[in-house]
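Source file: target.cif. Holds: mmCIF, C-alpha atoms.
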```cif
data_protein
#
loop_
_atom_site.group_PDB
_atom_site.id
_atom_site.type_symbol
_atom_site.label_atom_id
_atom_site.label_comp_id
_atom_site.auth_asym_id
_atom_site.auth_seq_id
_atom_site.Cartn_x
_atom_site.Cartn_y
_atom_site.Cartn_z
ATOM 1 C CA MET A 716 -18.520 56.959 99.356
ATOM 2 C CA MET A 717 -16.007 57.157 102.173
ATOM 3 C CA GLY A 718 -18.841 57.428 104.717
ATOM 4 C CA ARG A 719 -20.518 54.253 103.412
ATOM 5 C CA ILE A 720 -17.220 52.380 103.598
ATOM 6 C CA ILE A 721 -16.628 53.492 107.185
ATOM 7 C CA ARG A 722 -20.176 52.524 108.262
ATOM 8 C CA THR A 723 -19.810 49.090 106.658
ATOM 9 C CA VAL A 724 -16.409 48.527 108.224
ATOM 10 C CA THR A 725 -17.641 49.653 111.665
ATOM 11 C CA GLY A 726 -20.600 47.247 111.588
ATOM 12 C CA CYS A 727 -18.425 44.388 110.446
ATOM 13 C CA LEU A 728 -15.836 45.028 113.155
ATOM 14 C CA HIS A 729 -18.536 45.132 115.858
ATOM 15 C CA ALA A 730 -19.732 41.718 114.728
ATOM 16 C CA PHE A 731 -16.144 40.493 114.676
ATOM 17 C CA SER A 732 -15.449 41.669 118.243
ATOM 18 C CA ARG A 733 -18.661 40.032 119.557
ATOM 19 C CA THR A 734 -17.675 36.781 117.900
ATOM 20 C CA ILE A 735 -14.217 36.827 119.473
ATOM 21 C CA ARG A 736 -15.751 37.131 122.923
ATOM 22 C CA ARG A 737 -18.032 34.125 122.255
ATOM 23 C CA ARG A 738 -15.723 32.064 120.057
ATOM 24 C CA ARG A 739 -15.702 28.286 119.979
ATOM 25 C CA SER A 740 -12.778 26.327 118.679
ATOM 26 C CA HIS A 741 -14.850 24.649 115.914
ATOM 27 C CA ASP A 742 -17.362 27.398 115.254
ATOM 28 C CA VAL A 743 -17.749 27.867 111.499
ATOM 29 C CA GLY A 744 -19.446 31.232 112.102
ATOM 30 C CA PHE A 745 -16.366 32.440 113.952
ATOM 31 C CA ARG A 746 -14.109 31.632 111.016
ATOM 32 C CA ARG A 747 -16.503 33.362 108.629
ATOM 33 C CA ARG A 748 -16.682 36.517 110.788
ATOM 34 C CA ALA A 749 -12.915 36.475 111.315
ATOM 35 C CA LEU A 750 -12.418 36.560 107.578
ATOM 36 C CA CYS A 751 -14.982 39.360 107.365
ATOM 37 C CA GLY A 752 -13.084 41.389 109.964
ATOM 38 C CA ILE A 753 -9.796 40.959 108.127
ATOM 39 C CA GLY A 754 -11.455 41.941 104.855
ATOM 40 C CA CYS A 755 -12.981 45.016 106.469
ATOM 41 C CA LEU A 756 -9.627 46.179 107.755
ATOM 42 C CA SER A 757 -8.120 45.696 104.313
ATOM 43 C CA SER A 758 -10.954 47.685 102.718
ATOM 44 C CA LEU A 759 -10.530 50.525 105.188
ATOM 45 C CA GLY A 760 -6.786 50.681 104.536
ATOM 46 C CA LEU A 761 -7.370 50.754 100.781
ATOM 47 C CA ALA A 762 -10.003 53.490 101.129
ATOM 48 C CA VAL A 763 -7.634 55.638 103.198
ATOM 49 C CA MET A 764 -4.840 55.205 100.642
ATOM 50 C CA LEU A 765 -7.129 56.109 97.742
ATOM 51 C CA THR A 766 -8.628 59.183 99.437
ATOM 52 C CA PRO A 767 -6.949 62.331 98.027
ATOM 53 C CA PRO A 768 -5.295 64.746 100.484
ATOM 54 C CA ALA A 769 -7.350 67.559 101.956
ATOM 55 C CA SER A 770 -5.482 70.141 99.894
ATOM 56 C CA ALA A 771 -6.629 68.436 96.696
ATOM 57 C CA LEU A 772 -10.248 68.325 97.869
ATOM 58 C CA SER A 773 -10.474 71.822 99.332
ATOM 59 C CA PRO A 774 -8.072 74.391 97.856
ATOM 60 C CA VAL A 775 -7.404 77.289 100.209
ATOM 61 C CA PRO A 776 -8.607 80.523 98.516
ATOM 62 C CA PHE A 777 -5.983 82.582 100.359
ATOM 63 C CA PHE A 778 -3.244 81.017 98.200
ATOM 64 C CA ARG A 779 -5.062 80.984 94.852
ATOM 65 C CA THR A 780 -4.433 83.399 91.928
ATOM 66 C CA VAL A 781 -1.275 84.807 93.481
ATOM 67 C CA GLU A 782 0.943 86.478 90.858
ATOM 68 C CA ARG A 783 3.908 87.577 92.953
ATOM 69 C CA VAL A 784 5.372 86.911 96.390
ATOM 70 C CA GLY A 785 6.876 89.823 98.260
ATOM 71 C CA VAL A 786 9.228 89.673 101.238
ATOM 72 C CA LEU A 787 9.205 92.412 103.880
ATOM 73 C CA CYS A 788 11.651 92.142 106.785
ATOM 74 C CA THR A 789 11.939 93.752 110.176
ATOM 75 C CA VAL A 790 14.655 93.263 112.793
ATOM 76 C CA ASP A 791 13.977 93.795 116.502
ATOM 77 C CA THR A 792 17.008 93.823 118.803
ATOM 78 C CA ALA A 793 17.558 94.233 122.530
ATOM 79 C CA PRO A 794 20.259 96.805 123.426
ATOM 80 C CA ASP A 795 22.476 94.159 125.023
ATOM 81 C CA ALA A 796 22.352 91.925 121.913
ATOM 82 C CA ALA A 797 22.770 94.509 119.148
ATOM 83 C CA ALA A 798 26.179 93.164 118.116
ATOM 84 C CA GLY A 799 24.679 89.838 117.099
ATOM 85 C CA ALA A 800 21.590 91.085 115.266
ATOM 86 C CA PRO A 801 21.348 90.422 111.512
ATOM 87 C CA GLU A 802 21.370 93.393 109.144
ATOM 88 C CA GLU A 803 17.914 93.886 107.631
ATOM 89 C CA GLY A 804 18.955 94.155 103.981
ATOM 90 C CA TRP A 805 21.219 91.105 104.245
ATOM 91 C CA LEU A 806 18.486 89.089 105.931
ATOM 92 C CA CYS A 807 15.897 90.028 103.301
ATOM 93 C CA ARG A 808 18.252 89.041 100.487
ATOM 94 C CA LEU A 809 18.768 85.590 102.006
ATOM 95 C CA ALA A 810 15.020 85.212 102.574
ATOM 96 C CA ARG A 811 14.183 86.061 98.954
ATOM 97 C CA GLU A 812 16.805 83.660 97.661
ATOM 98 C CA GLU A 813 15.633 80.782 99.857
ATOM 99 C CA LEU A 814 11.945 81.372 99.099
ATOM 100 C CA ALA A 815 12.599 81.569 95.342
ATOM 101 C CA ALA A 816 14.614 78.332 95.525
ATOM 102 C CA ALA A 817 11.838 76.561 97.456
ATOM 103 C CA LEU A 818 9.209 77.637 94.896
ATOM 104 C CA ALA A 819 11.444 76.635 91.983
ATOM 105 C CA ALA A 820 11.882 73.172 93.536
ATOM 106 C CA GLY A 821 8.185 72.368 93.006
ATOM 107 C CA ALA A 822 7.093 69.858 90.382
ATOM 108 C CA PRO A 823 6.509 71.725 88.147
ATOM 109 C CA PRO A 824 8.311 74.815 89.471
ATOM 110 C CA GLY A 825 6.158 77.641 90.746
ATOM 111 C CA PRO A 826 5.589 80.571 88.376
ATOM 112 C CA TRP A 827 5.705 83.279 91.051
ATOM 113 C CA GLU A 828 8.145 86.163 91.054
ATOM 114 C CA VAL A 829 9.754 86.807 94.449
ATOM 115 C CA VAL A 830 10.292 90.522 95.064
ATOM 116 C CA ALA A 831 11.495 92.806 97.841
ATOM 117 C CA LEU A 832 8.828 94.930 99.517
ATOM 118 C CA SER A 833 9.308 98.122 101.491
ATOM 119 C CA ARG A 834 7.165 99.686 104.171
ATOM 120 C CA ASN A 835 4.139 101.448 102.655
ATOM 121 C CA ASP A 836 4.826 99.659 99.363
ATOM 122 C CA GLU A 837 1.807 100.117 97.071
ATOM 123 C CA ARG A 838 2.034 96.453 96.059
ATOM 124 C CA LEU A 839 0.890 95.482 99.549
ATOM 125 C CA ALA A 840 -2.595 96.659 98.534
ATOM 126 C CA ASP A 841 -2.620 94.528 95.380
ATOM 127 C CA PRO A 842 -4.640 91.293 95.859
ATOM 128 C CA ALA A 843 -2.256 89.559 93.442
ATOM 129 C CA THR A 844 0.615 90.022 95.924
ATOM 130 C CA LEU A 845 1.211 87.557 98.743
ATOM 131 C CA ALA A 846 3.332 89.371 101.321
ATOM 132 C CA VAL A 847 5.629 87.314 103.534
ATOM 133 C CA LEU A 848 6.430 89.338 106.647
ATOM 134 C CA LEU A 849 9.679 88.068 108.151
ATOM 135 C CA HIS A 850 10.431 89.157 111.716
ATOM 136 C CA ALA A 851 13.836 88.639 113.327
ATOM 137 C CA ASN A 852 14.155 89.088 117.078
ATOM 138 C CA THR A 853 17.582 89.010 118.747
ATOM 139 C CA ARG A 854 17.755 88.675 122.529
ATOM 140 C CA ALA A 855 20.404 87.747 125.074
ATOM 141 C CA GLN A 856 19.714 84.621 127.094
ATOM 142 C CA PRO A 857 18.942 85.072 130.823
ATOM 143 C CA ALA A 858 21.600 82.545 131.823
ATOM 144 C CA GLY A 859 24.332 84.546 130.136
ATOM 145 C CA GLY A 860 24.770 82.288 127.118
ATOM 146 C CA PRO A 861 25.159 83.513 123.536
ATOM 147 C CA ALA A 862 22.361 85.642 122.148
ATOM 148 C CA LEU A 863 19.717 84.001 119.995
ATOM 149 C CA THR A 864 17.976 85.311 116.889
ATOM 150 C CA ALA A 865 14.467 83.952 116.373
ATOM 151 C CA PHE A 866 12.746 84.119 112.985
ATOM 152 C CA ALA A 867 8.980 84.113 112.494
ATOM 153 C CA ALA A 868 6.900 84.544 109.343
ATOM 154 C CA ALA A 869 3.403 85.921 108.843
ATOM 155 C CA LEU A 870 1.392 86.222 105.636
ATOM 156 C CA HIS A 871 -0.714 89.087 104.338
ATOM 157 C CA ARG A 872 -2.836 89.377 101.219
ATOM 158 C CA SER A 873 -5.091 92.348 100.575
ATOM 159 C CA GLY A 874 -8.774 91.420 100.398
ATOM 160 C CA ALA A 875 -8.158 87.722 101.109
ATOM 161 C CA GLY A 876 -9.052 87.728 104.803
ATOM 162 C CA PRO A 877 -6.848 86.303 107.560
ATOM 163 C CA ALA A 878 -4.116 83.863 106.656
ATOM 164 C CA PRO A 879 -4.415 80.236 107.828
ATOM 165 C CA PHE A 880 -3.057 79.693 111.327
ATOM 166 C CA PHE A 881 -0.030 77.645 112.393
ATOM 167 C CA LEU A 882 1.658 77.370 109.014
ATOM 168 C CA ALA A 883 5.186 77.227 110.404
ATOM 169 C CA PRO A 884 6.830 77.285 113.828
ATOM 170 C CA PRO A 885 9.528 79.910 114.510
ATOM 171 C CA GLU A 886 13.176 79.093 113.893
ATOM 172 C CA ALA A 887 16.117 80.186 116.036
ATOM 173 C CA VAL A 888 19.870 80.404 115.497
ATOM 174 C CA ALA A 889 22.744 81.477 117.716
ATOM 175 C CA ALA A 890 23.449 85.162 117.106
ATOM 176 C CA GLY A 891 26.964 86.496 116.699
ATOM 177 C CA ASP A 892 28.902 89.316 115.141
ATOM 178 C CA LYS A 893 28.827 87.340 111.881
ATOM 179 C CA THR A 894 26.258 84.572 111.966
ATOM 180 C CA PRO A 895 27.241 82.032 109.287
ATOM 181 C CA ASP A 896 25.168 82.238 106.120
ATOM 182 C CA GLY A 897 24.618 78.495 106.194
ATOM 183 C CA GLU A 898 23.001 78.487 109.642
ATOM 184 C CA VAL A 899 20.675 81.366 108.820
ATOM 185 C CA ARG A 900 19.920 80.033 105.342
ATOM 186 C CA ALA A 901 18.907 76.637 106.707
ATOM 187 C CA ALA A 902 16.577 78.228 109.268
ATOM 188 C CA LEU A 903 15.002 80.513 106.651
ATOM 189 C CA ARG A 904 14.613 77.614 104.229
ATOM 190 C CA ARG A 905 12.664 75.562 106.756
ATOM 191 C CA LEU A 906 10.545 78.513 107.855
ATOM 192 C CA LEU A 907 9.656 79.889 104.413
ATOM 193 C CA THR A 908 9.077 76.489 102.842
ATOM 194 C CA ALA A 909 6.486 75.632 105.489
ATOM 195 C CA ALA A 910 4.937 79.103 105.708
ATOM 196 C CA ALA A 911 4.705 80.062 102.042
ATOM 197 C CA ALA A 912 6.263 77.785 99.420
ATOM 198 C CA ARG A 913 4.512 74.548 100.359
ATOM 199 C CA PRO A 914 0.958 75.976 100.611
ATOM 200 C CA LEU A 915 1.429 77.989 97.411
ATOM 201 C CA LEU A 916 2.575 74.936 95.466
ATOM 202 C CA ALA A 917 -0.271 72.846 96.897
ATOM 203 C CA ASN A 918 -2.995 75.381 96.030
ATOM 204 C CA ARG A 919 -1.981 76.714 92.627
#
```
How would this structure read if it were set down as structure tokens?
Amino acid sequence: MMGRIIRTVTGCLHAFSRTIRRRRSHDVGFRRRALCGIGCLSSLGLAVMLTPPASALSPVPFFRTVERVGVLCTVDTAPDAAAGAPEEGWLCRLAREELAAALAAGAPPGPWEVVALSRNDERLADPATLAVLLHANTRAQPAGGPALTAFAAALHRSGAGPAPFFLAPPEAVAAGDKTPDGEVRAALRRLLTAAAARPLLANR
């Protein structure tokens, strides 16, 4: 249906553009084609508004039939920035809390349990588990400024093939001896909502 609408609109607009180039001030045909062009644009706009989003048309199998979401964290720190690196257990707790809150904010809320995973956890091999791999990397800046901690998230699901690319860009916060919870929480919320919560809610 959408293809027929686009072909009709394209033909009508071609006729409209030819008429504009040859217009006469009292040409009845020009007025008729002008109205046709305006109507075509209106039809195209209506068709675009009525077309459902891609997620509704083509659910992503990677995110379907998930029963639990697990969070596994790793912290990588340069020797000269160790004082500002987040503690792994603390970081994972914040990540689980923010991911659970993002899933619960769906309409209706998501039914998934958010759990902590450990290395070599047997649940990583369960196809019902979506593993969110959170990587924190703390490095000093070359110019001598305060160290930065960058957060990145990757997804893994046994037997589901590779995860979709480019789900969420990394987030970065200024590292310190005690990075404020609020700054880290906000970065994790943005990252995990885009990487996991939003696609899960869209594909349930």
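Selection check: the PyMOL selection byres ((chain A and resi 833-841) around 12) on the shown file gives Thr780, Val781, Glu782, Arg783, Val784, Gly785, Val786, Leu787, Cys788, Thr789, Glu803, Gly804, Cys807, Val830, Ala831, Leu832, Pro842, Ala843, Thr844, Leu845, Ala846, Val847, Leu848, Leu870, His871, Arg872, Ser873, Gly874 and Ala875 of chain A.
With all atoms listed in the file as the atoms that count, the residue of A:Ala883, A:Gly891, A:Asn918, A:Leu818 with the shortest distance to A:Arg905 is A:Ala883.
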Could you tell me how far atom CA of A:Pro774 sits from atom CA of A:Leu906, in Å to one decimal place? 21.5 Å
Atom CA of A:Phe778 and atom CA of A:Pro914 are how many Å apart? 7.0 Å
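The smallest atom-to-atom distance between A:Ala816 and any of A:Thr864, A:Leu882, A:Leu907, A:Ala917, using only C-alpha atoms, is found for A:Leu907.
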Pull out every residue that the PyMOL selection byres ((chain A and resi 850) around 8) matches in the shown coordinates and put them as JSON, numbers by chain. {"A": [788, 789, 790, 791, 848, 849, 851, 852, 866, 867, 868]}
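Taking atom CA of A:Ala793 as the reference point, atom CA of A:Ala901 is found at 23.7 Å.
Residues matched by the PyMOL selection byres ((chain A and resi 855) around 9) in this file are Ala793, Asp795, Ala796, Thr853, Arg854, Gln856, Pro857, Ala858, Gly859, Gly860, Pro861, Ala862, Leu863, Thr864 and Ala890 of chain A.
Using only C-alpha atoms, the smallest distance between any of A:Val775, A:Ala869, A:Ala819, A:Leu806 and A:Ala909 comes from A:Ala869.
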Taking all atoms of stretch 823-836 of chain A that the file lists and extending 3 Å past them on each side, where is the centre of the axis-aligned box and how long are its edges? Answer in Å to one decimal, as JSON.
```
{"center_x": 7.8, "center_y": 86.6, "center_z": 96.2, "size_x": 13.4, "size_y": 35.7, "size_z": 22.0}
```
Polymer residues at most 8 Å from A:Glu813, only C-alpha atoms, same-chain spacing of 6 or more positions, as a PyMOL selection string: chain A and resi 900+903-904+907
For the residues selected in the previous step, produce a file with C-alpha atoms as a compact mmCIF listing (two decimals), keeping the file's coordinate frame.
```
# COMPACT_ATOMS: atom_id res chain seq x y z
CA ARG A 900 19.92 80.03 105.34
CA LEU A 903 15.00 80.51 106.65
CA ARG A 904 14.61 77.61 104.23
CA LEU A 907 9.66 79.89 104.41
```
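The shortest atom-to-atom distance to A:Ala911, with all atoms listed in the file taken into account, belongs to A:Val829 out of A:Val829, A:Val899, A:Ala798, A:Ala865.
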